[in-house]
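K.L.:
The structure is given below, and queries will be raised subsequently.
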Amino acid sequence: MKTRLLNLIKIALKAIVLNKMRTLLTMLGIIIGVASVIAMLAIGEGSKKSIKDQISSMGSNMLTIRPGSDMRGGVRMGSSETQSLRLDDFEALKEKATLLAYVTPQVNGSGQAINGANNWPTTIYGVNPEYLDIKVWELTDGSMFTNLEVRTAAKVAVVGQTVVDNLFPNGENPIGKMIRFNSIPFKIIGVLEEKGESNFGQDQDDIIIAPYTTIQKRILAIDYIQAIVASAISEDKAEAAVDEITTILRSQHKLGVNEQDDFNVFSMDELIDTFSSTSEMLTVLLVAIASISLLIGGIGIMNIMYVSVKERTREIGLRMAVGAKGGDILVQFLIEAVLISVTGGIIGVILGFGATFFIKSILGWPTIITTYSVIVSFAVCAITGIFFGWYPSRKASALDPISALRYE
Amino acid sequence: MEKTIINVHDLKRDFRMGDEIVHALKGVSMQIKEGEFVTIMGSSGSGKSTLLNIIGCLDSPTSGSYEIDGVPVNKLGRNELATIRNEKIGFIFQSYNLLPRTTALENVELPLIYNNKVSAQERQKRAVNALKMVGLGDRMGHTPSQLSGGQQQRVAIARCLVNDPVIILADEATGNLDTRTSYEIMALFQDLNKKGKTIAFVTHEQDIAEFSGRTIVLKDGHIIKDEKKQRIMDAAQKLADLPKEDDE
């Protein structure tokens with residue numbers, strides 16, 4: 001049986017080699033189909049990865065807790081109006097949470113920063129020193145304020161590069177200089193390293209960081225906090241940390257079993273998911289388009305196999321006359337179809353790699369070739385060969401030997 | 001007593017042509033014994049090709065019984081018929097039916113590809129021997145387009161010999177050949193017959209029938225004559241008697 005199959009493969013191979021040009025043209029559809037599927041998936045995966053990397057660079061373990069919309073006497077309140085987060089909550093988390101590496105309260109206000117004749121609209125963030133660890137942010141100059149300065153509500157600030165550029169256009173060293181934010185004077189003690197634009201097109205360097213106590217008292221005049229920012233001890237613990245925070249804060253807020261959370265915990269995972277799903281949709285679209293060319297390639301195979309069967313009707317008749325069974329004929333033509341599609345698939349994979357490399361090096365797009373994209377497109381083209389080769393092969397095997405022999 | 005290779009009894013074959021039913025064979029009975037060289041004659045439409053196709057297991061009768069080499073064929077399915085064709089029958093066609101762009105050796109090997117009992121080495125050995133037997137030992141690597149009509153038919157004969165069939169069936173095997181080549185082919189058939197091969201040969205040419213030992217004549221689906229010949233013409237002798245041609 002094994003030698004019989006081997007013989008049938010040899011026969012099929014011979015038919016392919018004897019019709020080189022025709023085979024090549026038939027393969028072309030498959031080649032283009034497979035190559036484009038691989039290239040499209042590589043582009044999709046690449047953009048997904050680059051989005052993920054950028055979000056991770058913002059601090060991949062970062063968790064943000066914000067007050068959530070709350071029902072008070074049947075009236076739903078907007079989240080900005082709720083003041084359900086307090087410093088107690090921050091302290092409870094600091095004390096009880098085991099899965100958090102760093103925690104800081106956060107308050108922020110926007111306003112005008114002024115240095116002499118220069119002024120610049122920006123946002124001031126009130127946090128504690130752990131903020132930089134959470135954001136994975138370094139200083140290029142100076143130092144971060146200390147916990148002591150937080151306790152004493154010192155008027156010190158660390159500024160981002162954009163703020164420096166706008167308030168000190170002549171390139172002076174800002175360290176030690178005094179600036180005013182909403183008429184409150186702050187002494188600059190540090191400069192943040194440049195982070196550039198975020199994925200959302202936001203300038204991350206347009207920022208001033210100061211002790212949260214200072215912002216609460218001097219600028220906002222509030223005693224609650226607007227958010228708590230924390231980082232999980234590791235990325236894979238982030239989800240468990242969300243649960244832990246929820247438990248701690250629910251007991252802190254004395255919420256009953258039937259009551260909704262009056263806060264929300266956001267993790268970067270959710271953000272990543274949102275963005276990934278967008279790029280995933282794009283990938284699906286690209287792959288759908290590429291699949292159409294694979295389908296057309298498959299129809300090309302069917303077409304050529306159909307012609308091949310017609311053209312070789314007498315040969316089929318002869319093979320049957322000397323003892324080939326219907327199954328032998330079926331398998332022979334099926335092997336031929338599969339060989340064409342698989343060879344086309346291999347060339348397509350190589351071409352797909354080439355195209356991906358081209359896109360990466362010439363256009364500079366991020367691309368990633370995943371094993372599954374290669375396996376899937378290859379499997380699809382093998383299945384295409386079987387699927388589209390089946391009908392003509394079946395037809396060949398059902399031929400009546402006498403009429404096949406007489407066929408002109 | 002000689003073995004009966006072919007035994008057909010009251011064979012009928014109807015074809016449906018639109019609304020009409022054509023009776024190609026209307027009850028044919030005959031036997032072919034081992035070692036016989038039978039010519040089946042008849043004008044076109046007499047049913048001789050239909051009979052040969054049924055004997056060759058390419059077609060099945062509408063009614064009647066048929067045994068080949070002791071095996072009743074009536075009830076066999078498509079695949080079993082294919083096996084019978086492969087192991088017991090050698091077919092030769094008017095138009096040779098060789099695979100184009102395929103060497104003589106590969107063409108001869110063809111039936112053995114569909115025989116699981118024969119290994120690749122055995123296959124090649126038997127194909128080489130068959131080609132030597134028909135006098136084409138030096139043309140094994142040639143493709144059909146590089147061979148003359150007579151040589152192509154020799155390849156076809158070699159092909160029908162490799163499976164060592166119980167009967168060789170030839171359908172107008174000399175129909176496309178000139179007189180000299182026809183005699184050459186007939187001499188080859190006579191030679192094979194002397195070596196013990198059973199041959200059934202369909203033709204409409206009277207002088208070709210002279211070379212066989214028995215002639216069956218069909219007309220309108222019936223056997224009208226079945227006679228053994230006393231004097232069989234020697235094809236090799238006839239070939240020698242032909243006026244000499246200037247070869248090259």
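Chain lettering (A, B, ...) mirrors the order of the structure tokens, residue numbering begins at 1 for each chain separately, and ligand numbering begins at 1 in order of display.
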Got a sec: who's within 8 Å of range 261-263 of chain A, counting only C-alpha atoms, leaving out chain neighbours fewer than 4 positions off, as a PyMOL selection string?
P.N.:
chain A and resi 65-70+84-85+250+255
K.L.:
Using only C-alpha atoms, which residues sit within 10 Å of Ala158 in chain B once same-chain residues fewer than 3 positions away are excluded, as number ranges by chain?
P.N.:
B: 90, 92, 104-105, 107-109, 126-136, 152-155, 161-163
K.L.:
Please produce, as JSON lines, a per-residue contact table for chain B versus chain A (criterion: any atom at most 10 Å away, only C-alpha atoms considered), showing the nearest atom pair and its distance in Å to one decimal, sorted by chain then residue number.
P.N.:
```
{"residue": "B:Thr50", "atom": "CA", "partner": "A:Ile402", "partner_atom": "CA", "distance": 9.9}
{"residue": "B:Asn53", "atom": "CA", "partner": "A:Ile402", "partner_atom": "CA", "distance": 7.8}
{"residue": "B:Gly56", "atom": "CA", "partner": "A:Ala321", "partner_atom": "CA", "distance": 8.4}
{"residue": "B:Cys57", "atom": "CA", "partner": "A:Ala321", "partner_atom": "CA", "distance": 8.5}
{"residue": "B:Leu58", "atom": "CA", "partner": "A:Ile402", "partner_atom": "CA", "distance": 6.4}
{"residue": "B:Asp59", "atom": "CA", "partner": "A:Ile402", "partner_atom": "CA", "distance": 7.4}
{"residue": "B:Arg78", "atom": "CA", "partner": "A:Lys325", "partner_atom": "CA", "distance": 7.5}
{"residue": "B:Asn79", "atom": "CA", "partner": "A:Lys325", "partner_atom": "CA", "distance": 5.4}
{"residue": "B:Glu80", "atom": "CA", "partner": "A:Lys325", "partner_atom": "CA", "distance": 8.4}
{"residue": "B:Leu81", "atom": "CA", "partner": "A:Gly323", "partner_atom": "CA", "distance": 8.1}
{"residue": "B:Ala82", "atom": "CA", "partner": "A:Gly323", "partner_atom": "CA", "distance": 4.6}
{"residue": "B:Thr83", "atom": "CA", "partner": "A:Gly323", "partner_atom": "CA", "distance": 5.7}
{"residue": "B:Ile84", "atom": "CA", "partner": "A:Gly323", "partner_atom": "CA", "distance": 7.4}
{"residue": "B:Arg85", "atom": "CA", "partner": "A:Gly323", "partner_atom": "CA", "distance": 5.2}
{"residue": "B:Asn86", "atom": "CA", "partner": "A:Gly323", "partner_atom": "CA", "distance": 3.9}
{"residue": "B:Glu87", "atom": "CA", "partner": "A:Gly323", "partner_atom": "CA", "distance": 7.6}
{"residue": "B:Lys88", "atom": "CA", "partner": "A:Gly323", "partner_atom": "CA", "distance": 9.7}
{"residue": "B:Ile89", "atom": "CA", "partner": "A:Val322", "partner_atom": "CA", "distance": 7.9}
{"residue": "B:Gly90", "atom": "CA", "partner": "A:Val322", "partner_atom": "CA", "distance": 7.3}
{"residue": "B:Phe91", "atom": "CA", "partner": "A:Val322", "partner_atom": "CA", "distance": 7.2}
{"residue": "B:Ile92", "atom": "CA", "partner": "A:Ala321", "partner_atom": "CA", "distance": 9.9}
{"residue": "B:Phe93", "atom": "CA", "partner": "A:Leu405", "partner_atom": "CA", "distance": 9.5}
{"residue": "B:Ser95", "atom": "CA", "partner": "A:Leu405", "partner_atom": "CA", "distance": 10.0}
{"residue": "B:Tyr96", "atom": "CA", "partner": "A:Leu318", "partner_atom": "CA", "distance": 9.9}
{"residue": "B:Asn97", "atom": "CA", "partner": "A:Leu318", "partner_atom": "CA", "distance": 6.8}
{"residue": "B:Leu98", "atom": "CA", "partner": "A:Glu315", "partner_atom": "CA", "distance": 8.1}
{"residue": "B:Leu99", "atom": "CA", "partner": "A:Glu315", "partner_atom": "CA", "distance": 6.6}
{"residue": "B:Pro100", "atom": "CA", "partner": "A:Glu315", "partner_atom": "CA", "distance": 9.0}
{"residue": "B:Arg101", "atom": "CA", "partner": "A:Leu18", "partner_atom": "CA", "distance": 8.0}
{"residue": "B:Thr102", "atom": "CA", "partner": "A:Lys14", "partner_atom": "CA", "distance": 9.3}
{"residue": "B:Leu110", "atom": "CA", "partner": "A:Val322", "partner_atom": "CA", "distance": 7.6}
{"residue": "B:Pro111", "atom": "CA", "partner": "A:Val322", "partner_atom": "CA", "distance": 5.2}
{"residue": "B:Leu112", "atom": "CA", "partner": "A:Gly323", "partner_atom": "CA", "distance": 8.7}
{"residue": "B:Ile113", "atom": "CA", "partner": "A:Asn7", "partner_atom": "CA", "distance": 6.5}
{"residue": "B:Tyr114", "atom": "CA", "partner": "A:Ala324", "partner_atom": "CA", "distance": 5.7}
{"residue": "B:Asn115", "atom": "CA", "partner": "A:Arg4", "partner_atom": "CA", "distance": 7.9}
{"residue": "B:Asn116", "atom": "CA", "partner": "A:Arg4", "partner_atom": "CA", "distance": 6.5}
{"residue": "B:Lys117", "atom": "CA", "partner": "A:Met1", "partner_atom": "CA", "distance": 9.5}
{"residue": "B:Val118", "atom": "CA", "partner": "A:Thr3", "partner_atom": "CA", "distance": 9.4}
{"residue": "B:Ser119", "atom": "CA", "partner": "A:Thr3", "partner_atom": "CA", "distance": 7.8}
{"residue": "B:Ala120", "atom": "CA", "partner": "A:Thr3", "partner_atom": "CA", "distance": 8.1}
{"residue": "B:Arg159", "atom": "CA", "partner": "A:Val322", "partner_atom": "CA", "distance": 9.0}
{"residue": "B:Cys160", "atom": "CA", "partner": "A:Val322", "partner_atom": "CA", "distance": 8.1}
{"residue": "B:Asn163", "atom": "CA", "partner": "A:Val322", "partner_atom": "CA", "distance": 9.4}
```
K.L.:
Those residues you just picked out, can you put them in a file as a short mmCIF file (atom, residue, chain, number, x, y, z; two decimals), in the first residue's frame with N, CA and C atoms?
P.N.:
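out.cif was written with the following content:
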```cif
data_model
loop_
_atom_site.label_atom_id
_atom_site.label_comp_id
_atom_site.auth_asym_id
_atom_site.auth_seq_id
_atom_site.Cartn_x
_atom_site.Cartn_y
_atom_site.Cartn_z
N THR B 50 -17.87 -4.47 -28.46
CA THR B 50 -18.62 -4.63 -27.21
C THR B 50 -18.23 -5.94 -26.55
N ASN B 53 -14.79 -5.64 -25.08
CA ASN B 53 -14.80 -4.83 -23.85
C ASN B 53 -15.33 -5.62 -22.66
N GLY B 56 -12.79 -8.06 -21.66
CA GLY B 56 -11.71 -7.33 -21.01
C GLY B 56 -12.11 -6.68 -19.71
N CYS B 57 -13.33 -6.94 -19.24
CA CYS B 57 -13.82 -6.41 -17.96
C CYS B 57 -13.88 -4.88 -17.93
N LEU B 58 -13.92 -4.27 -19.10
CA LEU B 58 -14.09 -2.82 -19.15
C LEU B 58 -15.57 -2.48 -19.13
N ASP B 59 -16.38 -3.47 -19.48
CA ASP B 59 -17.82 -3.27 -19.58
C ASP B 59 -18.49 -4.49 -18.96
N ARG B 78 -16.66 -2.37 -9.35
CA ARG B 78 -15.68 -1.61 -10.13
C ARG B 78 -14.24 -1.91 -9.74
N ASN B 79 -13.99 -1.93 -8.44
CA ASN B 79 -12.62 -2.13 -7.98
C ASN B 79 -12.11 -3.54 -8.24
N GLU B 80 -13.03 -4.51 -8.08
CA GLU B 80 -12.61 -5.90 -8.32
C GLU B 80 -12.36 -6.12 -9.81
N LEU B 81 -13.16 -5.46 -10.64
CA LEU B 81 -12.93 -5.56 -12.09
C LEU B 81 -11.57 -4.96 -12.43
N ALA B 82 -11.23 -3.87 -11.74
CA ALA B 82 -9.93 -3.24 -12.00
C ALA B 82 -8.81 -4.21 -11.67
N THR B 83 -8.97 -4.95 -10.59
CA THR B 83 -7.94 -5.92 -10.20
C THR B 83 -7.83 -7.04 -11.23
N ILE B 84 -9.00 -7.52 -11.73
CA ILE B 84 -8.99 -8.56 -12.77
C ILE B 84 -8.26 -8.04 -14.02
N ARG B 85 -8.59 -6.81 -14.42
CA ARG B 85 -7.93 -6.22 -15.59
C ARG B 85 -6.43 -6.15 -15.38
N ASN B 86 -6.08 -5.83 -14.14
CA ASN B 86 -4.66 -5.65 -13.84
C ASN B 86 -3.90 -6.97 -13.87
N GLU B 87 -4.53 -8.03 -13.37
CA GLU B 87 -3.78 -9.27 -13.18
C GLU B 87 -4.00 -10.31 -14.27
N LYS B 88 -5.12 -10.22 -14.98
CA LYS B 88 -5.43 -11.31 -15.89
C LYS B 88 -5.52 -10.91 -17.36
N ILE B 89 -5.55 -9.60 -17.62
CA ILE B 89 -5.81 -9.17 -18.99
C ILE B 89 -4.74 -8.21 -19.49
N GLY B 90 -4.33 -8.40 -20.74
CA GLY B 90 -3.44 -7.46 -21.39
C GLY B 90 -4.18 -6.83 -22.55
N PHE B 91 -4.26 -5.51 -22.54
CA PHE B 91 -5.01 -4.81 -23.59
C PHE B 91 -4.07 -4.18 -24.60
N ILE B 92 -4.45 -4.30 -25.89
CA ILE B 92 -3.70 -3.56 -26.92
C ILE B 92 -4.72 -2.81 -27.77
N PHE B 93 -4.43 -1.54 -28.02
CA PHE B 93 -5.41 -0.69 -28.71
C PHE B 93 -4.92 -0.32 -30.09
N SER B 95 -4.91 2.67 -31.33
CA SER B 95 -4.12 3.90 -31.28
C SER B 95 -3.03 3.85 -30.20
N TYR B 96 -2.58 2.66 -29.89
CA TYR B 96 -1.47 2.38 -28.93
C TYR B 96 -1.75 2.85 -27.51
N ASN B 97 -2.28 4.08 -27.38
CA ASN B 97 -2.56 4.62 -26.04
C ASN B 97 -1.36 4.56 -25.10
N LEU B 98 -0.23 5.08 -25.59
CA LEU B 98 0.92 5.21 -24.68
C LEU B 98 0.83 6.58 -24.01
N LEU B 99 1.44 6.68 -22.83
CA LEU B 99 1.46 7.97 -22.17
C LEU B 99 2.48 8.87 -22.87
N PRO B 100 2.07 10.05 -23.30
CA PRO B 100 3.01 10.92 -23.99
C PRO B 100 4.08 11.43 -23.03
N ARG B 101 5.22 11.81 -23.58
CA ARG B 101 6.33 12.37 -22.81
C ARG B 101 6.77 11.46 -21.66
N THR B 102 6.58 10.17 -21.89
CA THR B 102 6.95 9.20 -20.87
C THR B 102 7.74 8.11 -21.60
N LEU B 110 3.78 0.66 -16.34
CA LEU B 110 2.50 1.21 -15.87
C LEU B 110 1.55 0.21 -15.18
N PRO B 111 1.24 -0.93 -15.80
CA PRO B 111 0.28 -1.83 -15.12
C PRO B 111 0.80 -2.32 -13.77
N LEU B 112 2.12 -2.46 -13.64
CA LEU B 112 2.68 -3.00 -12.40
C LEU B 112 2.60 -1.99 -11.26
N ILE B 113 2.48 -0.70 -11.62
CA ILE B 113 2.33 0.33 -10.58
C ILE B 113 1.07 0.08 -9.78
N TYR B 114 0.07 -0.48 -10.46
CA TYR B 114 -1.20 -0.72 -9.77
C TYR B 114 -1.29 -2.14 -9.21
N ASN B 115 -0.14 -2.81 -9.15
CA ASN B 115 -0.11 -4.16 -8.59
C ASN B 115 0.75 -4.14 -7.33
N ASN B 116 0.10 -4.30 -6.19
CA ASN B 116 0.82 -4.17 -4.92
C ASN B 116 1.83 -5.29 -4.68
N LYS B 117 1.66 -6.40 -5.44
CA LYS B 117 2.53 -7.55 -5.15
C LYS B 117 3.92 -7.40 -5.77
N VAL B 118 4.06 -6.39 -6.64
CA VAL B 118 5.33 -6.26 -7.36
C VAL B 118 6.14 -5.09 -6.80
N SER B 119 7.37 -5.38 -6.42
CA SER B 119 8.24 -4.32 -5.89
C SER B 119 8.80 -3.47 -7.03
N ALA B 120 9.39 -2.33 -6.66
CA ALA B 120 9.91 -1.41 -7.67
C ALA B 120 11.02 -2.06 -8.51
N ARG B 159 3.86 -3.71 -22.78
CA ARG B 159 3.10 -3.28 -21.62
C ARG B 159 2.05 -4.33 -21.23
N CYS B 160 1.44 -4.94 -22.25
CA CYS B 160 0.41 -5.93 -21.92
C CYS B 160 1.03 -7.24 -21.44
N ASN B 163 2.38 -8.02 -16.95
CA ASN B 163 1.60 -8.59 -15.85
C ASN B 163 1.35 -10.08 -16.05
#
```
K.L.:
Run DSSP on the backbone and tell me which residues of range 64-244 of chain B come out as strand (DSSP E); list them as a VMD selection string.
P.N.:
chain B and resid 64 to 68 71 to 72 89 to 92 167 to 171 199 to 202 214 to 219 222 to 228
K.L.:
Report as a ChimeraX atom specification all protein, DNA and RNA residues lying within 7 Å of Ser143 in chain A, evaluated on only C-alpha atoms, omitting residues in the same chain fewer than 2 positions from it.
P.N.:
/A:139,141,145,189-190
K.L.:
Take the selection from the previous step and output its residues with C-alpha atoms, as a PDB file, in the first residue's frame.
P.N.:
```pdb
ATOM      1  CA  LEU A 139      14.998  62.411  36.801  1.00  0.00           C
ATOM      2  CA  ASP A 141      18.537  66.581  37.021  1.00  0.00           C
ATOM      3  CA  PHE A 145      10.830  65.649  46.953  1.00  0.00           C
ATOM      4  CA  ILE A 189      14.083  70.805  42.693  1.00  0.00           C
ATOM      5  CA  GLY A 190      14.129  68.292  39.829  1.00  0.00           C
TER       6      GLY A 190
END
```
K.L.:
Measuring atom to atom with only C-alpha atoms, identify which of A:Ser110, A:Thr367, A:Thr384, A:Ser277 is nearest to Ala42 in chain A.
P.N.:
A:Thr367
K.L.:
Nearest to Lys225 in chain B among B:Met17, B:Leu177, B:Met41, B:Ile5, with distances taken over only C-alpha atoms: which residue is it?
P.N.:
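Under the stated criterion, the closest residue is B:Met41.
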K.L.:
Show which residues sit within 12 Å of Ile347 in chain A, as a PyMOL selection string. Count only C-alpha atoms, and ignore same-chain residues fewer than 6 positions away.
P.N.:
chain A and resi 24+27-36+38+340-341+353-354+374+377-378+381
K.L.:
For the residues in that selection, give me C-alpha atoms as a JSON list (two decimals), in the first residue's frame.
P.N.:
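Once everything was written out, this is result-v3.json:
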```json
[["chain", "number", "residue", "atom", "x", "y", "z"],
["A", 24, "LEU", "CA", 3.63, 27.95, -11.77],
["A", 27, "MET", "CA", 0.58, 28.36, -7.84],
["A", 28, "LEU", "CA", 0.75, 32.12, -8.24],
["A", 29, "GLY", "CA", -2.70, 32.57, -6.72],
["A", 30, "ILE", "CA", -1.76, 30.49, -3.71],
["A", 31, "ILE", "CA", 1.65, 32.15, -3.41],
["A", 32, "ILE", "CA", 0.16, 35.63, -3.35],
["A", 33, "GLY", "CA", -2.60, 34.52, -1.00],
["A", 34, "VAL", "CA", -0.29, 32.93, 1.55],
["A", 35, "ALA", "CA", 2.31, 35.69, 1.32],
["A", 36, "SER", "CA", -0.28, 38.39, 1.87],
["A", 38, "ILE", "CA", 1.49, 36.27, 6.48],
["A", 340, "ILE", "CA", 0.59, 22.42, -6.23],
["A", 341, "SER", "CA", -1.03, 24.18, -3.30],
["A", 353, "PHE", "CA", 8.80, 36.64, 5.07],
["A", 354, "GLY", "CA", 10.45, 38.68, 2.35],
["A", 374, "VAL", "CA", 2.67, 30.57, 9.24],
["A", 377, "SER", "CA", -1.87, 30.04, 6.30],
["A", 378, "PHE", "CA", 0.00, 26.88, 5.38],
["A", 381, "CYS", "CA", -3.59, 26.34, 1.60]]
```
K.L.:
Expressed in Å to a single decimal, how great is the separation between CA of Gly150 in chain B and CA of Thr181 in chain B?
P.N.:
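Those two atoms sit 5.8 Å apart.
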K.L.:
Could you check which of A:Val163, A:Ile335, A:Leu41, A:Leu330 is closest to Ser373 in chain A, using only C-alpha atoms?
P.N.:
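Smallest distance to Ser373 in chain A is found for A:Leu41.
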K.L.:
Residues within 10 Å of Gly385 in chain A, please, as a tab-separated table (two decimals) with C-alpha atoms, in the first residue's frame. Count only C-alpha atoms; anything in the same chain fewer than 2 positions from it doesn't count.
P.N.:
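The file below, around01.tsv, is the result:
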```tsv
chain	number	residue	atom	x	y	z
A	30	ILE	CA	-1.76	30.49	-3.71
A	297	GLY	CA	-5.97	30.90	-5.67
A	298	GLY	CA	-8.01	27.86	-4.67
A	299	ILE	CA	-10.45	28.40	-7.51
A	301	ILE	CA	-6.37	25.20	-8.63
A	302	MET	CA	-9.83	23.81	-9.23
A	334	LEU	CA	-5.74	14.89	-5.33
A	335	ILE	CA	-2.02	14.56	-4.67
A	336	GLU	CA	-1.37	16.71	-7.72
A	337	ALA	CA	-3.70	19.42	-6.41
A	338	VAL	CA	-2.24	19.26	-2.91
A	339	LEU	CA	1.34	19.30	-4.21
A	340	ILE	CA	0.59	22.42	-6.23
A	341	SER	CA	-1.03	24.18	-3.30
A	342	VAL	CA	1.56	23.08	-0.74
A	379	ALA	CA	-2.76	24.65	6.71
A	380	VAL	CA	-5.36	26.74	4.92
A	381	CYS	CA	-3.59	26.34	1.60
A	382	ALA	CA	-3.23	22.57	2.06
A	383	ILE	CA	-6.93	22.37	2.85
A	387	PHE	CA	-11.08	21.08	-1.10
A	388	PHE	CA	-10.71	22.48	-4.61
A	389	GLY	CA	-8.89	19.43	-5.94
A	390	TRP	CA	-11.55	17.08	-4.69
```
